[in-house]
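Peer 1: mmCIF, C-alpha atoms, saved as data.cif, coming up:
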```cif
data_upload
loop_
_atom_site.label_atom_id
_atom_site.label_comp_id
_atom_site.auth_asym_id
_atom_site.auth_seq_id
_atom_site.Cartn_x
_atom_site.Cartn_y
_atom_site.Cartn_z
CA MET H 734 -0.48 -10.53 14.72
CA PRO H 735 -2.63 -13.65 15.19
CA VAL H 736 -5.36 -14.32 12.64
CA LYS H 737 -8.86 -14.95 14.00
CA SER H 738 -11.42 -17.35 12.50
CA PHE H 739 -15.11 -17.78 13.34
CA ARG H 740 -17.65 -20.44 14.16
CA PRO H 741 -19.45 -21.22 10.84
CA TYR H 742 -22.93 -19.97 11.73
CA THR H 743 -23.31 -18.77 8.08
CA PRO H 744 -21.65 -20.14 4.91
CA SER H 745 -19.40 -17.09 4.51
CA ARG H 746 -18.35 -17.14 8.18
CA ARG H 747 -16.87 -20.59 7.55
CA THR H 748 -14.03 -19.15 5.46
CA ILE H 749 -13.64 -15.59 6.78
CA THR H 750 -10.46 -14.80 8.70
CA VAL H 751 -9.52 -11.42 10.17
CA SER H 752 -6.64 -9.89 12.08
CA ASP H 753 -7.25 -9.78 15.82
CA PHE H 754 -5.64 -6.29 15.91
CA SER H 755 -3.87 -7.14 19.15
CA ASP H 756 -0.87 -5.07 18.03
CA ILE H 757 -2.94 -1.86 17.74
CA THR H 758 -2.45 0.48 20.72
CA LYS H 759 -4.33 3.59 19.48
CA THR H 760 -7.47 3.79 17.36
CA THR H 761 -7.80 7.54 16.68
CA PRO H 762 -5.22 8.99 14.25
CA GLU H 763 -3.34 12.23 14.81
CA LYS H 764 -5.52 14.94 13.26
CA LYS H 765 -2.58 17.01 12.02
CA LEU H 766 -1.12 13.96 10.24
CA THR H 767 -4.25 13.13 8.22
CA VAL H 768 -5.82 14.59 5.08
CA GLY H 769 -9.16 13.90 3.42
CA LEU H 770 -9.38 11.43 0.54
CA ARG H 771 -11.85 11.86 -2.29
CA LYS H 772 -12.96 8.75 -4.18
CA LYS H 773 -12.14 8.79 -7.88
CA GLY H 774 -13.72 5.50 -8.92
CA GLY H 775 -10.77 4.79 -11.21
CA ARG H 776 -11.54 7.87 -13.34
CA ASN H 777 -9.23 10.60 -14.57
CA ASN H 778 -9.88 14.36 -14.75
CA THR H 779 -12.16 13.96 -17.79
CA GLY H 780 -14.33 11.31 -16.15
CA THR H 781 -12.98 8.43 -18.25
CA VAL H 782 -12.51 5.11 -16.45
CA MET H 783 -8.75 4.47 -16.51
CA VAL H 784 -8.67 1.66 -13.92
CA ARG H 785 -11.53 -0.81 -13.91
CA HIS H 786 -13.08 -2.40 -10.82
CA HIS H 787 -12.59 0.66 -8.62
CA GLY H 788 -15.45 2.41 -6.84
CA GLY H 789 -17.39 2.72 -3.60
CA GLY H 790 -15.68 1.64 -0.44
CA HIS H 791 -15.61 2.95 3.09
CA ARG H 792 -14.72 6.56 3.78
CA GLN H 793 -11.05 6.94 4.71
CA LYS H 794 -8.55 9.58 5.70
CA TYR H 795 -5.02 9.41 4.39
CA ARG H 796 -2.27 9.18 6.99
CA ILE H 797 0.77 11.26 6.01
CA ILE H 798 3.73 8.87 6.20
CA ASP H 799 7.33 10.07 6.56
CA PHE H 800 8.90 8.06 3.73
CA LYS H 801 11.97 10.33 3.56
CA ARG H 802 13.14 9.83 7.18
CA ASP H 803 15.10 13.08 6.80
CA LYS H 804 15.11 14.09 10.49
CA ALA H 805 18.68 12.89 10.94
CA GLY H 806 20.33 12.51 14.32
CA VAL H 807 17.21 13.26 16.39
CA PRO H 808 16.02 10.26 18.47
CA ALA H 809 12.31 9.49 18.52
CA ARG H 810 10.08 7.39 20.77
CA VAL H 811 7.33 5.14 19.45
CA ALA H 812 4.15 6.55 21.01
CA ALA H 813 1.61 4.21 19.37
CA ILE H 814 1.09 1.46 16.79
CA GLU H 815 -1.93 2.27 14.63
CA TYR H 816 -4.08 0.73 11.90
CA ASP H 817 -3.86 2.36 8.46
CA PRO H 818 -6.78 1.67 6.08
CA ASN H 819 -4.66 2.75 3.10
CA ARG H 820 -1.99 0.02 3.37
CA SER H 821 -1.45 -3.53 4.56
CA ALA H 822 1.28 -2.60 7.05
CA ARG H 823 0.75 -1.04 10.46
CA ILE H 824 2.06 2.47 11.11
CA ALA H 825 3.98 3.76 14.11
CA LEU H 826 3.53 7.23 15.58
CA LEU H 827 6.91 8.74 16.44
CA VAL H 828 7.41 11.61 18.88
CA TYR H 829 10.82 13.24 18.43
CA LYS H 830 12.75 14.85 21.24
CA ASP H 831 11.98 18.29 19.78
CA GLY H 832 8.23 17.53 19.98
CA ASP H 833 7.69 16.82 16.27
CA LYS H 834 5.29 13.96 15.46
CA ARG H 835 5.48 11.76 12.37
CA TYR H 836 4.14 8.44 11.09
CA ILE H 837 6.41 5.72 9.73
CA ILE H 838 5.68 2.19 8.53
CA ALA H 839 5.94 -0.05 11.58
CA THR H 840 8.89 -2.44 11.56
CA GLY H 841 8.33 -5.87 13.07
CA GLY H 842 9.25 -5.85 16.75
CA LEU H 843 8.63 -2.13 17.29
CA GLU H 844 6.65 -1.53 20.48
CA VAL H 845 5.42 1.49 22.36
CA GLY H 846 8.44 3.03 24.06
CA SER H 847 10.98 1.79 21.50
CA GLU H 848 13.53 4.36 20.33
CA VAL H 849 14.37 4.87 16.67
CA MET H 850 16.62 7.23 14.75
CA SER H 851 17.56 8.08 11.20
CA GLY H 852 20.80 9.28 9.66
CA LYS H 853 24.22 7.84 8.81
CA ASP H 854 25.21 7.60 12.50
CA ALA H 855 22.09 5.69 13.60
CA PRO H 856 22.69 2.26 15.19
CA ILE H 857 22.01 -0.85 13.11
CA LYS H 858 18.73 -1.97 14.69
CA PRO H 859 15.16 -2.52 13.46
CA GLY H 860 13.29 0.69 12.69
CA ASN H 861 16.36 2.87 12.17
CA ALA H 862 16.88 4.43 8.72
CA LEU H 863 20.35 4.82 7.21
CA PRO H 864 21.96 5.35 3.80
CA LEU H 865 22.56 1.98 2.13
CA THR H 866 26.32 2.58 2.16
CA ASN H 867 26.24 2.56 5.99
CA ILE H 868 24.30 -0.72 6.26
CA PRO H 869 26.31 -3.97 6.53
CA GLU H 870 26.11 -6.51 3.70
CA GLY H 871 23.59 -9.28 4.35
CA SER H 872 21.25 -7.02 6.33
CA PHE H 873 17.50 -7.14 5.72
CA VAL H 874 15.94 -3.77 4.92
CA HIS H 875 12.64 -2.24 3.78
CA ALA H 876 11.23 1.16 2.71
CA ILE H 877 14.04 1.65 0.18
CA GLU H 878 14.54 4.81 -1.87
CA MET H 879 15.23 4.63 -5.61
CA VAL H 880 16.36 8.26 -5.91
CA PRO H 881 18.21 9.91 -2.98
CA GLY H 882 15.89 12.24 -1.09
CA LYS H 883 12.73 11.23 -2.99
CA GLY H 884 11.38 8.96 -0.25
CA ALA H 885 10.89 5.20 0.06
CA GLN H 886 9.36 3.47 -2.96
CA LEU H 887 10.35 -0.21 -2.63
CA ALA H 888 9.42 -2.93 -0.09
CA ARG H 889 6.63 -1.07 1.75
CA ALA H 890 3.93 -3.77 2.14
CA ALA H 891 3.20 -5.91 5.21
CA GLY H 892 5.89 -8.54 5.80
CA ALA H 893 8.17 -7.15 3.06
CA GLN H 894 11.94 -7.25 3.36
CA ALA H 895 14.83 -7.00 0.91
CA GLN H 896 18.44 -8.09 1.43
CA LEU H 897 21.55 -6.02 0.84
CA MET H 898 23.76 -8.43 -1.12
CA ALA H 899 26.89 -6.45 -2.05
CA LYS H 900 28.39 -3.00 -2.62
CA GLU H 901 29.88 -2.04 -6.00
CA GLY H 902 31.25 1.47 -6.39
CA ASP H 903 28.40 3.98 -6.30
CA TYR H 904 25.75 1.23 -6.13
CA VAL H 905 24.61 -1.55 -3.84
CA LEU H 906 22.96 -4.78 -4.97
CA ILE H 907 19.57 -5.39 -3.37
CA LYS H 908 17.67 -8.67 -3.59
CA MET H 909 14.00 -7.69 -3.70
CA PRO H 910 11.11 -9.72 -2.18
CA SER H 911 10.26 -10.90 -5.72
CA GLY H 912 13.73 -12.41 -6.16
CA GLU H 913 14.91 -9.65 -8.51
CA ILE H 914 18.42 -8.35 -7.87
CA ARG H 915 18.88 -4.70 -8.81
CA LYS H 916 21.33 -1.85 -8.38
CA ILE H 917 20.42 1.11 -6.18
CA LEU H 918 22.53 4.19 -5.47
CA LYS H 919 24.45 3.85 -2.22
CA ASP H 920 23.19 7.24 -0.95
CA CYS H 921 19.54 6.07 -0.95
CA MET H 922 17.93 5.56 2.47
CA ALA H 923 16.55 2.28 3.74
CA THR H 924 15.12 1.09 7.05
CA ILE H 925 16.57 -1.85 8.96
CA GLY H 926 14.42 -4.97 9.52
CA GLN H 927 11.24 -6.53 8.18
CA ILE H 928 7.88 -4.78 8.07
CA GLY H 929 5.42 -6.08 10.65
CA ASN H 930 1.95 -7.60 10.21
CA THR H 931 3.60 -10.58 8.48
CA GLU H 932 0.44 -12.73 8.51
CA HIS H 933 -1.55 -10.26 6.41
CA ASN H 934 -1.29 -12.47 3.32
CA THR H 935 -3.02 -15.37 5.11
CA ILE H 936 -6.26 -13.44 5.65
CA THR H 937 -9.27 -14.66 3.65
CA LEU H 938 -11.90 -12.06 2.79
CA GLY H 939 -14.59 -14.76 2.60
CA LYS H 940 -17.41 -12.67 1.12
CA ALA H 941 -18.00 -10.06 -1.57
CA GLY H 942 -18.93 -7.35 0.92
CA ARG H 943 -15.43 -7.12 2.34
CA SER H 944 -14.07 -6.38 -1.14
CA ARG H 945 -16.70 -3.68 -1.60
CA HIS H 946 -15.69 -2.08 1.71
CA ARG H 947 -12.19 -1.79 0.26
CA GLY H 948 -13.45 -0.06 -2.87
CA ILE H 949 -13.01 -3.12 -5.11
CA ARG H 950 -15.87 -3.73 -7.54
CA PRO H 951 -16.70 -7.10 -9.13
CA THR H 952 -14.63 -8.54 -11.98
CA VAL H 953 -16.58 -10.20 -14.81
CA ARG H 954 -14.97 -12.83 -17.06
CA GLY H 955 -14.55 -11.81 -20.67
CA GLY H 956 -16.09 -15.10 -21.80
CA ALA H 957 -19.29 -14.25 -19.96
CA MET H 958 -19.76 -11.00 -21.91
CA ASN H 959 -21.31 -10.26 -25.28
CA ALA H 960 -19.09 -10.09 -28.35
CA VAL H 961 -19.48 -6.31 -28.49
CA ASP H 962 -18.01 -5.94 -25.00
CA HIS H 963 -14.95 -8.22 -25.09
CA PRO H 964 -12.81 -10.14 -27.61
CA LEU H 965 -13.66 -13.39 -25.79
CA GLY H 966 -17.39 -12.67 -25.58
CA GLY H 967 -20.28 -14.04 -27.58
CA GLY H 968 -21.28 -17.57 -28.53
CA ARG H 969 -24.02 -19.80 -27.20
CA GLY H 970 -22.88 -21.43 -24.02
CA ARG H 971 -19.21 -21.61 -23.10
CA SER H 972 -16.71 -20.90 -25.84
CA LYS H 973 -13.10 -21.67 -25.02
CA GLY H 974 -11.71 -23.12 -28.24
CA ASN H 975 -9.27 -21.11 -30.40
CA ASN H 976 -9.39 -18.19 -27.99
CA VAL H 977 -6.12 -16.79 -26.72
CA PRO H 978 -6.65 -15.02 -23.34
CA ARG H 979 -6.85 -11.32 -24.14
CA SER H 980 -7.66 -8.04 -22.50
CA PRO H 981 -10.74 -6.00 -23.51
CA TRP H 982 -8.36 -4.06 -25.81
CA ASN H 983 -7.26 -7.27 -27.58
CA GLN H 984 -3.79 -7.46 -26.03
CA PRO H 985 -2.62 -11.00 -25.12
CA SER H 986 -2.86 -11.28 -21.35
CA LYS H 987 -0.65 -14.28 -20.57
CA GLY H 988 3.06 -14.08 -21.23
CA LEU H 989 3.26 -10.98 -23.42
CA LYS H 990 6.13 -8.79 -22.25
CA THR H 991 4.96 -5.18 -22.11
CA ARG H 992 8.09 -3.62 -20.59
CA THR H 993 9.88 -1.40 -23.13
CA LYS H 994 13.45 -2.56 -23.78
CA SER H 995 14.60 1.04 -24.02
CA LYS H 996 13.51 1.89 -20.46
CA ILE H 997 16.32 3.84 -18.80
CA TRP H 998 16.18 1.74 -15.62
CA ASN H 999 16.62 -1.64 -17.36
CA TRP H 1000 20.39 -1.62 -16.91
CA MET H 1001 19.93 -1.47 -13.12
CA ILE H 1002 18.27 -4.91 -13.04
CA VAL H 1003 21.10 -7.41 -12.50
CA GLN H 1004 18.91 -10.51 -12.27
CA ASP H 1005 15.30 -10.73 -13.40
CA ARG H 1006 12.76 -11.97 -10.87
CA ARG H 1007 12.04 -14.92 -13.17
CA LYS H 1008 15.71 -15.99 -12.69
CA SER H 1009 16.15 -16.70 -16.41
CA ASN H 1010 16.85 -13.22 -17.74
CA VAL H 1011 20.15 -11.73 -16.51
CA HIS H 1012 21.21 -8.26 -17.62
CA GLY H 1013 24.79 -7.15 -17.88
#
```
If you convert what's in this file into structure tokens, what do you get?

Peer 2:
Amino acid sequence: MPVKSFRPYTPSRRTITVSDFSDITKTTPEKKLTVGLRKKGGRNNTGTVMVRHHGGGHRQKYRIIDFKRDKAGVPARVAAIEYDPNRSARIALLVYKDGDKRYIIATGGLEVGSEVMSGKDAPIKPGNALPLTNIPEGSFVHAIEMVPGKGAQLARAAGAQAQLMAKEGDYVLIKMPSGEIRKILKDCMATIGQIGNTEHNTITLGKAGRSRHRGIRPTVRGGAMNAVDHPLGGGRGRSKGNNVPRSPWNQPSKGLKTRTKSKIWNWMIVQDRRKSNVHG
């Protein structure tokens, strides 16, 4: 996916880069595989803002993605590679031999006409989904389940890939894109290969409007607010002395560990992504 830049005929055009979308083969989604999305603006059911900086944005329809890959043993043909406004990765439209149609996250190298399959007997090739116990050590995988049958939860963004390091009893050791090494049950499904659209992280938005199209509202510095609005606010002119960076709710925002030590999943982390904290 080449990234396209522009002649700087305006100041913002100087820095804007966009995907050239040369990998997209179909622009209209399958109607039966989409559902309407209603904007929430970061609010919960009582109307309280729970996530700041959300709101507006272009109208979108959600594409129903098959994260479970539970149609085992039935080969499918890639009918199209499509754009998905809800994620950074591309999606592939699969047409199974029995006529069923489903979307999956597009693996790098998948093209129209490629054949993919899921299940423990599927060949080891990009786009095929297998239980982790059936995947050779050293393989790169994505769309990894955390609970068997729940559907993929890990390594789903553009360019993401994790590596299967070893197998230990009922678990396999997976090295995540962050560098964290964690245990995952061997019966969980994963897809072979790296997710496509690998140059997504090199794209520069270049202007505020592109953030607004994505439903991202402006972020204001705490130091620019009044004292009533933020712990860092107030003062005449800039005030940086004796101020520890804090959230609007007065929680230190740099370095404070917020993960509860009693979390039941902690024991599954073999090596922390910061490389210094190793769990037994």

Peer 1: Counting all atoms listed in the file, figure out which residue out of H:Ile749, H:Ala893, H:Ile997, H:Val736 gets nearest to Ala941 (chain H).

Peer 2: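 Of H:Ile749, H:Ala893, H:Ile997, H:Val736, the one nearest Ala941 (chain H), counting all atoms listed in the file, is H:Ile749.
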
Peer 1: Tell me which of H:Gly892, H:Gly841, H:Gly956, H:Gly806 sits closest to Ala862 (chain H), counting only C-alpha atoms.

Peer 2: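 Closest residue, counting only C-alpha atoms: H:Gly806.
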
Peer 1: Between CA of Ile917 (chain H) and CA of Met1001 (chain H), what distance in Å does the model show, to one decimal?

Peer 2: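 Result for CA of Ile917 (chain H) versus CA of Met1001 (chain H): 7.4 Å, one decimal.
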
Peer 1: Given the file above and the PyMOL selection byres ((chain H and resi 829) around 10), which residues are selected, and can you give them as a list in words?

Peer 2: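 Against this file, the PyMOL selection byres ((chain H and resi 829) around 10) returns the residues Lys804, Val807, Pro808, Ala809, Arg810, Val811, Ala812, Leu826, Leu827, Val828, Lys830, Asp831, Gly832, Asp833, Lys834, Arg835, Glu848, Val849 and Met850 of chain H.
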
Peer 1: Write out as a list of chain:residue names the residues lying within 10 Å of Asn934 (chain H), counting only C-alpha atoms and excluding same-chain residues fewer than 2 positions away.

Peer 2: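 Everything that qualifies: H:Ser821, H:Ala891, H:Gly892, H:Asn930, H:Thr931, H:Glu932, H:Ile936, H:Thr937.
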
Peer 1: At a cut-off of 9 Å from (7.7, -2.6, 18.6) in the coordinates of the file, what residues are picked up using only C-alpha atoms, written as a list of chain:residue names?

Peer 2: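 The residues near that point, listed by chain and number, are H:Asp756, H:Val811, H:Ile814, H:Ala825, H:Ala839, H:Thr840, H:Gly841, H:Gly842, H:Leu843, H:Glu844, H:Val845, H:Gly846, H:Ser847, H:Gly860, H:Gly929.
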
Peer 1: Enumerate, as a ChimeraX atom specification, the residues matched when the PyMOL selection byres ((chain H and resi 879) around 10) is run on the file above.

Peer 2: /H:876-878,880-887,916-923

Peer 1: For the structure shown, which residues end up in the PyMOL selection byres ((chain H and resi 793) around 8)? Put them as a list of chain:residue names, please?

Peer 2: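 Applied to this file, the PyMOL selection byres ((chain H and resi 793) around 8) selects H:Gly769, H:Leu770, H:His791, H:Arg792, H:Lys794, H:Tyr795, H:Pro818, H:Asn819.
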
Peer 1: Could you check the closest approach to Ser851 (chain H) for each of H:Arg1006, H:Arg796, H:Arg802, H:Arg969 and tell me which residue wins, using only C-alpha atoms?

Peer 2: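 The closest residue to Ser851 (chain H) is H:Arg802.
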
Peer 1: Quick one: distance from CA of Leu865 (chain H) to CA of Ile838 (chain H) in Å, one decimal?

Peer 2: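 Taking CA of Leu865 (chain H) and CA of Ile838 (chain H), their separation equals 18.1 Å.
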
Peer 1: Please report the interatomic distance between CA of Lys759 (chain H) and CA of Ala822 (chain H) in Å with one decimal.

Peer 2: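 Taking CA of Lys759 (chain H) as the start and CA of Ala822 (chain H) as the end point, the length is 15.0 Å.
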
Peer 1: Restricting the calculation to all atoms listed in the file: of H:Phe739, H:Ser944, H:Ile798, H:Asp753, which residue gets closest to Val768 (chain H)?

Peer 2: H:Ile798

Peer 1: Given all atoms listed in the file as the basis, pick out the residue of H:Lys940, H:Val905, H:Val953, H:Pro859 nearest to Gly926 (chain H).

Peer 2: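 Ranking H:Lys940, H:Val905, H:Val953, H:Pro859 by distance to Gly926 (chain H), first place goes to H:Pro859.
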
Peer 1: Could you pull the residues within 8 Å of Ile925 (chain H), counting all atoms listed in the file, minus those fewer than 5 positions along the same chain, as a PDB file with C-alpha atoms, keeping the file's coordinate frame?

Peer 2:
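Result file part.pdb:
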```pdb
ATOM      1  CA  ILE H 857      22.010  -0.850  13.110  1.00  0.00           C
ATOM      2  CA  LYS H 858      18.730  -1.970  14.690  1.00  0.00           C
ATOM      3  CA  PRO H 859      15.160  -2.520  13.460  1.00  0.00           C
ATOM      4  CA  GLY H 860      13.290   0.690  12.690  1.00  0.00           C
ATOM      5  CA  ASN H 861      16.360   2.870  12.170  1.00  0.00           C
ATOM      6  CA  ALA H 862      16.880   4.430   8.720  1.00  0.00           C
ATOM      7  CA  LEU H 863      20.350   4.820   7.210  1.00  0.00           C
ATOM      8  CA  SER H 872      21.250  -7.020   6.330  1.00  0.00           C
ATOM      9  CA  PHE H 873      17.500  -7.140   5.720  1.00  0.00           C
ATOM     10  CA  VAL H 874      15.940  -3.770   4.920  1.00  0.00           C
ATOM     11  CA  HIS H 875      12.640  -2.240   3.780  1.00  0.00           C
TER      12      HIS H 875
END
```

Peer 1: From the set H:Ala813, H:Val961, H:Ile868, H:Ile949, which residue has the shortest atom-to-atom contact distance to Pro981 (chain H), counting all atoms listed in the file?

Peer 2: H:Val961

Peer 1: Report as a PDB file with C-alpha atoms, keeping the file's coordinate frame all protein, DNA and RNA residues lying within 10 Å of Thr761 (chain H), evaluated on only C-alpha atoms, omitting residues in the same chain fewer than 2 positions from it.

Peer 2:
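Printed below is result14.pdb as written:
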```
ATOM      1  CA  THR H 758      -2.450   0.480  20.720  1.00  0.00           C
ATOM      2  CA  LYS H 759      -4.330   3.590  19.480  1.00  0.00           C
ATOM      3  CA  GLU H 763      -3.340  12.230  14.810  1.00  0.00           C
ATOM      4  CA  LYS H 764      -5.520  14.940  13.260  1.00  0.00           C
ATOM      5  CA  GLU H 815      -1.930   2.270  14.630  1.00  0.00           C
ATOM      6  CA  TYR H 816      -4.080   0.730  11.900  1.00  0.00           C
TER       7      TYR H 816
END
```

Peer 1: Excluding same-chain residues fewer than 5 positions from Leu938 (chain H), what lies within 10 Å of it counting only C-alpha atoms, as a ChimeraX atom specification?

Peer 2: /H:745-746,748-751,943-944

Peer 1: Return as AutoDock Vina command-line options the centre and edge lengths, in Å with one decimal, of the box along x, y and z that encloses every atom of region 950-959 of chain H in the file, padded by 6 Å per side.

Peer 2:
```
--center_x -17.9 --center_y -9.4 --center_z -16.4 --size_x 18.8 --size_y 23.4 --size_z 29.7
```
